[in-house]
file data-v5.cif (mmCIF, C-alpha atoms)
data_model
loop_
_atom_site.label_atom_id
_atom_site.label_comp_id
_atom_site.auth_asym_id
_atom_site.auth_seq_id
_atom_site.Cartn_x
_atom_site.Cartn_y
_atom_site.Cartn_z
CA MET A 1 70.63 71.00 144.05
CA ASN A 2 70.80 69.00 140.86
CA ASP A 3 74.22 68.37 139.39
CA TYR A 4 73.59 69.36 135.82
CA ALA A 5 77.14 68.34 134.89
CA ASP A 6 75.77 64.79 134.68
CA LEU A 7 74.12 65.87 131.43
CA LEU A 8 77.26 67.34 129.88
CA PRO A 9 78.31 64.09 128.12
CA LEU A 10 74.91 63.94 126.41
CA ALA A 11 75.11 67.62 125.44
CA HIS A 12 78.58 67.10 123.95
CA GLU A 13 77.30 64.06 122.07
CA ALA A 14 74.48 66.11 120.54
CA VAL A 15 76.84 68.95 119.60
CA ASP A 16 79.26 66.43 118.08
CA LEU A 17 76.42 65.34 115.82
CA ALA A 18 75.67 68.93 114.85
CA ARG A 19 79.33 69.75 114.31
CA GLY A 20 79.80 66.81 111.96
CA LEU A 21 76.89 67.98 109.83
CA MET A 22 78.06 71.59 109.78
CA ARG A 23 81.60 70.63 108.83
CA THR A 24 80.61 68.33 105.96
CA LEU A 25 77.41 69.71 104.42
CA GLN A 26 76.72 72.87 102.43
CA PRO A 27 74.12 75.40 103.61
CA GLY A 28 71.66 74.26 100.96
CA ALA A 29 68.47 76.08 100.06
CA LEU A 30 67.57 79.22 101.97
CA THR A 31 64.22 79.93 103.60
CA PHE A 32 63.43 83.60 104.16
CA LYS A 33 61.60 84.05 107.46
CA ASP A 34 61.38 87.85 107.36
CA ASP A 35 63.02 90.80 105.68
CA ARG A 36 66.71 89.79 105.39
CA ASP A 37 66.27 87.05 108.02
CA MET A 38 66.88 83.56 106.74
CA ALA A 39 67.55 79.95 107.66
CA SER A 40 69.54 77.50 105.62
CA GLU A 41 68.50 73.97 104.81
CA LEU A 42 71.29 72.86 107.12
CA ASP A 43 69.77 74.81 110.06
CA TYR A 44 66.68 72.63 109.75
CA THR A 45 68.65 69.41 109.27
CA ILE A 46 70.80 69.96 112.35
CA GLU A 47 67.88 70.93 114.55
CA ARG A 48 65.81 67.96 113.44
CA GLN A 49 68.59 65.43 114.07
CA VAL A 50 69.69 66.93 117.41
CA ARG A 51 66.06 67.09 118.59
CA GLU A 52 65.54 63.42 117.72
CA HIS A 53 68.82 62.38 119.34
CA LEU A 54 68.12 64.14 122.63
CA ALA A 55 64.50 62.96 122.73
CA ALA A 56 65.70 59.36 122.41
CA LYS A 57 68.37 59.73 125.11
CA ALA A 58 66.55 62.04 127.57
CA PRO A 59 62.81 61.84 126.83
CA ASP A 60 61.80 63.68 130.03
CA ILE A 61 63.58 66.88 128.98
CA GLY A 62 61.75 69.28 126.68
CA PHE A 63 63.25 70.92 123.63
CA LEU A 64 63.16 74.40 122.13
CA GLY A 65 64.78 75.10 118.78
CA GLU A 66 64.98 78.22 116.68
CA GLU A 67 63.50 76.63 113.57
CA TYR A 68 60.85 74.16 114.78
CA GLY A 69 59.84 75.59 118.16
CA SER A 70 59.14 73.54 121.28
CA SER A 71 58.37 69.88 121.88
CA GLY A 72 58.11 67.55 124.85
CA ASN A 73 57.74 68.61 128.48
CA THR A 74 59.19 72.12 128.74
CA SER A 75 57.82 72.88 132.22
CA THR A 76 61.02 72.16 134.17
CA LEU A 77 64.05 71.26 132.03
CA THR A 78 64.40 72.31 128.40
CA TRP A 79 67.18 72.02 125.86
CA ALA A 80 67.54 75.24 123.84
CA LEU A 81 69.29 74.92 120.48
CA ASP A 82 70.45 77.34 117.85
CA PRO A 83 71.60 74.92 115.14
CA VAL A 84 73.62 77.56 113.28
CA ASP A 85 74.11 80.77 115.22
CA GLY A 86 75.35 83.25 112.65
CA THR A 87 73.59 81.81 109.62
CA VAL A 88 74.40 84.83 107.44
CA ASN A 89 78.07 84.44 108.33
CA PHE A 90 77.89 80.73 107.57
CA ILE A 91 76.34 81.09 104.13
CA HIS A 92 78.96 83.74 103.27
CA GLY A 93 81.82 81.43 104.26
CA SER A 94 82.75 83.28 107.45
CA PRO A 95 84.09 81.12 110.30
CA LEU A 96 82.20 83.27 112.83
CA CYS A 97 79.32 80.87 113.35
CA ALA A 98 78.46 78.46 116.12
CA ILE A 99 76.30 75.63 117.39
CA SER A 100 74.70 76.63 120.69
CA LEU A 101 73.02 74.07 122.96
CA GLY A 102 71.87 75.17 126.41
CA LEU A 103 69.86 73.58 129.17
CA VAL A 104 67.33 75.72 131.00
CA HIS A 105 65.80 74.93 134.38
CA ARG A 106 62.47 76.77 134.31
CA THR A 107 63.89 80.19 133.31
CA ARG A 108 67.55 79.88 134.37
CA SER A 109 70.39 78.61 132.18
CA VAL A 110 72.20 75.79 133.95
CA LEU A 111 74.35 74.10 131.28
CA GLY A 112 75.77 75.10 127.94
CA VAL A 113 77.91 73.85 125.07
CA ILE A 114 78.99 76.16 122.25
CA ASP A 115 81.03 74.79 119.37
CA LEU A 116 82.82 76.92 116.77
CA PRO A 117 83.28 74.31 114.02
CA PHE A 118 85.53 76.40 111.79
CA LEU A 119 87.65 77.87 114.58
CA GLY A 120 88.34 74.61 116.40
CA THR A 121 87.06 75.69 119.81
CA ARG A 122 84.37 74.27 122.05
CA TYR A 123 83.14 76.00 125.18
CA HIS A 124 81.17 74.35 127.94
CA ALA A 125 79.93 74.91 131.46
CA ALA A 126 77.55 73.44 134.00
CA GLU A 127 76.29 75.40 136.96
CA GLY A 128 78.77 75.22 139.83
CA HIS A 129 81.57 73.64 137.78
CA GLY A 130 83.31 76.55 136.02
CA ALA A 131 83.67 77.33 132.33
CA TYR A 132 86.02 75.74 129.82
CA ALA A 133 87.36 76.20 126.30
CA ASN A 134 88.68 72.91 124.86
CA ASN A 135 88.90 71.63 128.46
CA ASP A 136 91.03 74.57 129.67
CA ARG A 137 89.48 76.63 132.48
CA ILE A 138 88.62 80.16 131.34
CA GLY A 139 87.73 83.40 133.09
CA ALA A 140 86.25 86.76 132.17
CA SER A 141 88.42 89.85 131.89
CA ARG A 142 89.06 92.19 134.82
CA VAL A 143 89.00 95.40 132.79
CA SER A 144 87.39 98.13 134.90
CA ASP A 145 87.67 101.25 132.74
CA LEU A 146 85.47 101.78 129.67
CA ARG A 147 88.41 103.36 127.83
CA ASP A 148 90.26 100.04 128.02
CA ALA A 149 87.28 97.91 127.09
CA VAL A 150 86.41 96.03 123.90
CA ILE A 151 82.63 95.84 123.67
CA ALA A 152 80.71 93.36 121.52
CA ILE A 153 77.27 94.43 120.34
CA GLY A 154 74.43 92.41 118.83
CA ASP A 155 73.35 92.74 115.22
CA TYR A 156 71.27 95.67 114.10
CA ALA A 157 67.63 94.77 113.60
CA VAL A 158 66.04 93.66 110.34
CA GLY A 159 62.42 92.92 109.60
CA ALA A 160 59.34 94.56 111.09
CA ASP A 161 59.92 97.81 112.99
CA ALA A 162 63.65 97.69 112.27
CA SER A 163 64.00 101.48 111.99
CA ARG A 164 62.63 102.09 115.47
CA LYS A 165 64.67 99.28 117.00
CA ASN A 166 67.83 100.47 115.29
CA ALA A 167 67.40 103.99 116.66
CA ASP A 168 68.13 102.45 120.06
CA ARG A 169 71.03 100.40 118.76
CA LEU A 170 72.57 103.34 116.94
CA ALA A 171 72.26 105.54 120.03
CA ILE A 172 74.18 102.94 122.04
CA THR A 173 76.81 102.60 119.31
CA GLU A 174 77.28 106.37 119.18
CA GLU A 175 77.68 106.56 122.95
CA LEU A 176 80.19 103.70 122.92
CA THR A 177 82.35 105.21 120.17
CA GLY A 178 83.38 108.12 122.37
CA GLN A 179 84.10 106.09 125.48
CA VAL A 180 85.44 102.59 124.78
CA GLN A 181 88.60 101.23 123.20
CA ARG A 182 86.83 99.34 120.39
CA ILE A 183 83.39 98.05 119.33
CA ARG A 184 82.92 94.64 117.71
CA MET A 185 79.90 93.11 115.95
CA HIS A 186 80.53 89.40 115.35
CA GLY A 187 77.04 88.43 114.18
CA SER A 188 76.65 85.58 116.68
CA ALA A 189 75.39 85.97 120.24
CA ALA A 190 76.86 82.58 121.14
CA ILE A 191 80.33 83.71 120.09
CA ASP A 192 79.93 87.03 121.90
CA LEU A 193 79.00 85.32 125.16
CA ALA A 194 81.70 82.66 124.82
CA TRP A 195 84.32 85.34 124.16
CA LEU A 196 83.00 87.36 127.09
CA ALA A 197 83.65 84.25 129.19
CA GLN A 198 87.15 83.90 127.76
CA GLY A 199 88.08 87.57 128.14
CA ARG A 200 88.33 88.21 124.41
CA VAL A 201 85.71 90.93 124.82
CA ASP A 202 85.10 92.82 128.04
CA ALA A 203 81.35 93.36 127.75
CA PHE A 204 78.41 92.45 125.53
CA ILE A 205 75.25 94.40 124.73
CA MET A 206 72.31 92.89 122.85
CA LEU A 207 68.86 94.46 122.95
CA ASN A 208 66.99 91.19 122.65
CA ASN A 209 66.91 87.75 124.17
CA LYS A 210 65.90 84.49 122.56
CA PRO A 211 66.69 81.35 124.58
CA TRP A 212 68.23 79.47 121.66
CA ASP A 213 70.66 82.38 121.18
CA THR A 214 71.60 82.91 124.81
CA ALA A 215 70.92 79.84 126.99
CA ALA A 216 74.32 78.21 126.49
CA GLY A 217 76.37 81.40 126.47
CA VAL A 218 74.82 82.89 129.58
CA VAL A 219 75.80 80.00 131.84
CA ILE A 220 79.27 79.78 130.26
CA ALA A 221 79.85 83.50 130.87
CA ARG A 222 78.42 83.30 134.38
CA GLU A 223 80.60 80.32 135.31
CA ALA A 224 83.63 82.25 133.98
CA GLY A 225 82.97 85.07 136.42
CA ALA A 226 81.00 87.48 134.26
CA GLN A 227 77.60 88.83 135.18
CA VAL A 228 74.81 88.66 132.60
CA VAL A 229 71.73 90.76 133.28
CA ASP A 230 68.63 92.39 131.83
CA LEU A 231 68.50 96.15 131.22
CA ASP A 232 67.36 96.80 134.79
CA GLY A 233 70.34 94.92 136.23
CA THR A 234 68.40 91.86 137.35
CA ALA A 235 69.88 88.44 136.68
CA HIS A 236 69.39 87.23 133.14
CA SER A 237 66.69 84.64 132.50
CA THR A 238 64.68 83.41 129.55
CA ARG A 239 62.20 86.20 130.36
CA ALA A 240 64.78 88.97 130.06
CA THR A 241 64.17 91.60 127.39
CA ALA A 242 67.87 92.14 126.67
CA THR A 243 71.26 90.52 127.27
CA VAL A 244 74.01 92.65 128.83
CA GLY A 245 77.19 91.15 130.24
CA GLY A 246 80.48 92.14 131.81
CA ASN A 247 82.48 91.74 134.98
CA GLU A 248 81.24 93.33 138.20
CA LEU A 249 83.71 96.22 137.81
CA LEU A 250 82.62 97.25 134.32
CA LEU A 251 78.96 96.29 134.22
CA PRO A 252 77.55 99.25 136.21
CA ASP A 253 79.09 101.70 133.73
CA ILE A 254 77.79 99.66 130.79
CA LEU A 255 74.25 99.67 132.18
CA THR A 256 74.40 103.41 132.84
CA LEU A 257 75.63 104.01 129.29
CA VAL A 258 72.82 101.89 127.83
CA GLU A 259 70.19 103.61 129.95
CA ARG A 260 71.43 107.05 128.90
CA SER A 261 71.51 106.03 125.24
CA LEU A 262 67.98 104.63 125.25
CA ALA A 263 66.65 107.75 126.98
CA ARG A 264 68.25 109.93 124.33
CA ALA A 265 66.83 107.79 121.52
CA ALA A 266 63.35 108.05 123.03
CA ALA A 267 63.48 111.82 123.47
#
call {"tool": "encode", "arguments": {"input": "data-v5.cif", "output": "structure tokens"}}
result
Amino acid sequence: MNDYADLLPLAHEAVDLARGLMRTLQPGALTFKDDRDMASELDYTIERQVREHLAAKAPDIGFLGEEYGSSGNTSTLTWALDPVDGTVNFIHGSPLCAISLGLVHRTRSVLGVIDLPFLGTRYHAAEGHGAYANNDRIGASRVSDLRDAVIAIGDYAVGADASRKNADRLAITEELTGQVQRIRMHGSAAIDLAWLAQGRVDAFIMLNNKPWDTAAGVVIAREAGAQVVDLDGTAHSTRATATVGGNELLLPDILTLVERSLARAAA
């Protein structure tokens, strides 16, 4: 098996570059991609510079970014970057935003670095080597009862077909409100997955899956002892339709709750 940890120094180097830009530059002009979905000028700047940096240092590895799409050979190993995860938070001055750089082997996340530039924390993991926050080993929570659990949920949908998509999300939210300790919506999948890994939230539910959002966080959560799966309980991959995570004690109840909620929304 490949030791993907050999690529961690390069991943940190690329995220250092992105962090420096995010800490020193303003968001700049906004580009609206869809109804209420936007990218800042800085999103494009970070992605462009990180893409160029990694292509120069590791030309055999492909690249997938949220803003410019794919380049290079993406058949085996691919970097997956969200240059600013939580753009709306970022442009509103909220510190809940992140840089997320993952490495995917075919469809499986194998390495990840997530940096929270305004909270002073960096998370990283490589398959088989554990998960870390600022170089301290971290682990997922052991909460087993929904009533004791803090659950992070992904953003409600905007854009095309948002009303239909949000019927599902609202059904899940309604089901959660009567059963869990608290619900949190942070506006950044990278933060949700990193905090799942660190035990700051006990589970995470997001009814979509885009590799730039999830590649880094999935391997960090997995290496911290959490399970991250698709709606049917199969292991998460880039082909998954959703992203659901928790420890092995809590996850079965979360999946049952989601299934029940979606059935009710469809009725």
call {"tool": "residues_around", "arguments": {"input": "data-v5.cif", "residues": "stretch 187-196 of chain A", "least_positions_apart": "6", "cutoff": "9 Å", "atoms": "all atoms listed in the file", "output": "number ranges by chain"}}
result
A: 82, 85-89, 96-100, 114-116, 123-124, 133, 139-141, 152-155, 202-204, 206, 213-218, 220-221, 224, 226, 245-246
call {"tool": "atom_distance", "arguments": {"input": "data-v5.cif", "atom1": "atom CA of A:Thr241", "atom2": "atom CA of A:Ile172"}}
result
16.0 Å
call {"tool": "residues_near_point", "arguments": {"input": "data-v5.cif", "point": "(58.3, 94.3, 112.5)", "cutoff": "12 Å", "atoms": "only C-alpha atoms", "output": "short mmCIF file (atom, residue, chain, number, x, y, z; two decimals) with C-alpha atoms, in the coordinates of the input"}}
result
data_model
loop_
_atom_site.label_atom_id
_atom_site.label_comp_id
_atom_site.auth_asym_id
_atom_site.auth_seq_id
_atom_site.Cartn_x
_atom_site.Cartn_y
_atom_site.Cartn_z
CA LYS A 33 61.60 84.05 107.46
CA ASP A 34 61.38 87.85 107.36
CA ASP A 35 63.02 90.80 105.68
CA ARG A 36 66.71 89.79 105.39
CA ASP A 37 66.27 87.05 108.02
CA ALA A 157 67.63 94.77 113.60
CA VAL A 158 66.04 93.66 110.34
CA GLY A 159 62.42 92.92 109.60
CA ALA A 160 59.34 94.56 111.09
CA ASP A 161 59.92 97.81 112.99
CA ALA A 162 63.65 97.69 112.27
CA SER A 163 64.00 101.48 111.99
CA ARG A 164 62.63 102.09 115.47
CA LYS A 165 64.67 99.28 117.00
CA ASN A 166 67.83 100.47 115.29
#
call {"tool": "atom_distance", "arguments": {"input": "data-v5.cif", "atom1": "atom CA of A:Leu111", "atom2": "atom CA of A:His186"}}
result
22.9 Å
call {"tool": "closest_residue", "arguments": {"input": "data-v5.cif", "among": "A:Gln179, A:Gly199, A:Ser144, A:Ile138", "to": "A:Leu249", "atoms": "all atoms listed in the file"}}
result
A:Ser144
call {"tool": "resolve_selection", "arguments": {"input": "data-v5.cif", "expression": "the PyMOL selection byres ((chain A and resi 236) around 10)", "output": "list in words"}}
result
Thr107, Arg108, Ser109, Asn209, Thr214, Ala215, Val218, Val219, Arg222, Gln227, Val228, Val229, Asp230, Leu231, Asp232, Gly233, Thr234, Ala235, Ser237, Thr238, Arg239, Ala240, Thr241, Ala242, Thr243, Val244 and Gly245 of chain A
call {"tool": "resolve_selection", "arguments": {"input": "data-v5.cif", "expression": "the PyMOL selection byres ((chain A and resi 52-68) around 9)", "output": "ChimeraX atom specification"}}
result
/A:10-11,14,17,39,43-44,47-51,69-83,210-213
call {"tool": "resolve_selection", "arguments": {"input": "data-v5.cif", "expression": "the PyMOL selection byres ((chain A and resi 254-261) around 7)", "output": "list in words"}}
result
Ala171, Ile172, Glu175, Leu231, Leu250, Leu251, Pro252, Asp253, Leu262, Ala263, Arg264 and Ala265 of chain A
call {"tool": "atom_distance", "arguments": {"input": "data-v5.cif", "atom1": "atom CA of A:Leu21", "atom2": "atom CA of A:His105"}}
result
27.8 Å
call {"tool": "closest_residue", "arguments": {"input": "data-v5.cif", "among": "A:Arg169, A:Gly225, A:Pro95, A:Asn135", "to": "A:Phe118", "atoms": "all atoms listed in the file"}}
result
A:Pro95
call {"tool": "closest_residue", "arguments": {"input": "data-v5.cif", "among": "A:Asp168, A:Asp6, A:Glu223, A:Asp16", "to": "A:Pro117", "atoms": "only C-alpha atoms"}}
result
A:Asp16
call {"tool": "decode", "arguments": {"input": "data-v5.cif", "residues": "stretch 112-128 of chain A", "atoms": "N, CA and C atoms", "output": "short mmCIF file (atom, residue, chain, number, x, y, z; two decimals), in the first residue's frame"}}
result
data_model
loop_
_atom_site.label_atom_id
_atom_site.label_comp_id
_atom_site.auth_asym_id
_atom_site.auth_seq_id
_atom_site.Cartn_x
_atom_site.Cartn_y
_atom_site.Cartn_z
N GLY A 112 -5.65 14.45 3.82
CA GLY A 112 -6.37 15.71 3.89
C GLY A 112 -5.70 16.72 4.80
N VAL A 113 -5.79 17.98 4.41
CA VAL A 113 -5.35 19.11 5.23
C VAL A 113 -6.47 20.15 5.20
N ILE A 114 -6.93 20.54 6.37
CA ILE A 114 -7.94 21.59 6.50
C ILE A 114 -7.37 22.66 7.41
N ASP A 115 -7.34 23.89 6.93
CA ASP A 115 -6.83 25.01 7.73
C ASP A 115 -7.96 25.99 7.99
N LEU A 116 -8.07 26.42 9.24
CA LEU A 116 -9.03 27.44 9.65
C LEU A 116 -8.24 28.71 9.94
N PRO A 117 -8.03 29.56 8.93
CA PRO A 117 -7.07 30.67 9.06
C PRO A 117 -7.41 31.66 10.16
N PHE A 118 -8.68 31.83 10.48
CA PHE A 118 -9.06 32.84 11.46
C PHE A 118 -9.37 32.24 12.83
N LEU A 119 -9.19 30.92 12.95
CA LEU A 119 -9.35 30.25 14.24
C LEU A 119 -8.04 29.61 14.71
N GLY A 120 -7.01 29.68 13.87
CA GLY A 120 -5.69 29.23 14.29
C GLY A 120 -5.54 27.74 14.44
N THR A 121 -6.31 26.96 13.68
CA THR A 121 -6.23 25.51 13.78
C THR A 121 -6.04 24.89 12.41
N ARG A 122 -5.16 23.91 12.35
CA ARG A 122 -4.98 23.12 11.13
C ARG A 122 -5.15 21.64 11.47
N TYR A 123 -5.95 20.99 10.66
CA TYR A 123 -6.19 19.55 10.82
C TYR A 123 -5.52 18.82 9.66
N HIS A 124 -4.99 17.63 9.96
CA HIS A 124 -4.44 16.84 8.86
C HIS A 124 -4.50 15.36 9.18
N ALA A 125 -4.49 14.57 8.13
CA ALA A 125 -4.47 13.11 8.27
C ALA A 125 -3.98 12.51 6.97
N ALA A 126 -3.34 11.35 7.10
CA ALA A 126 -3.03 10.50 5.95
C ALA A 126 -3.46 9.10 6.33
N GLU A 127 -3.96 8.38 5.36
CA GLU A 127 -4.51 7.05 5.63
C GLU A 127 -3.51 6.18 6.38
N GLY A 128 -3.96 5.64 7.52
CA GLY A 128 -3.12 4.76 8.33
C GLY A 128 -2.26 5.45 9.35
#
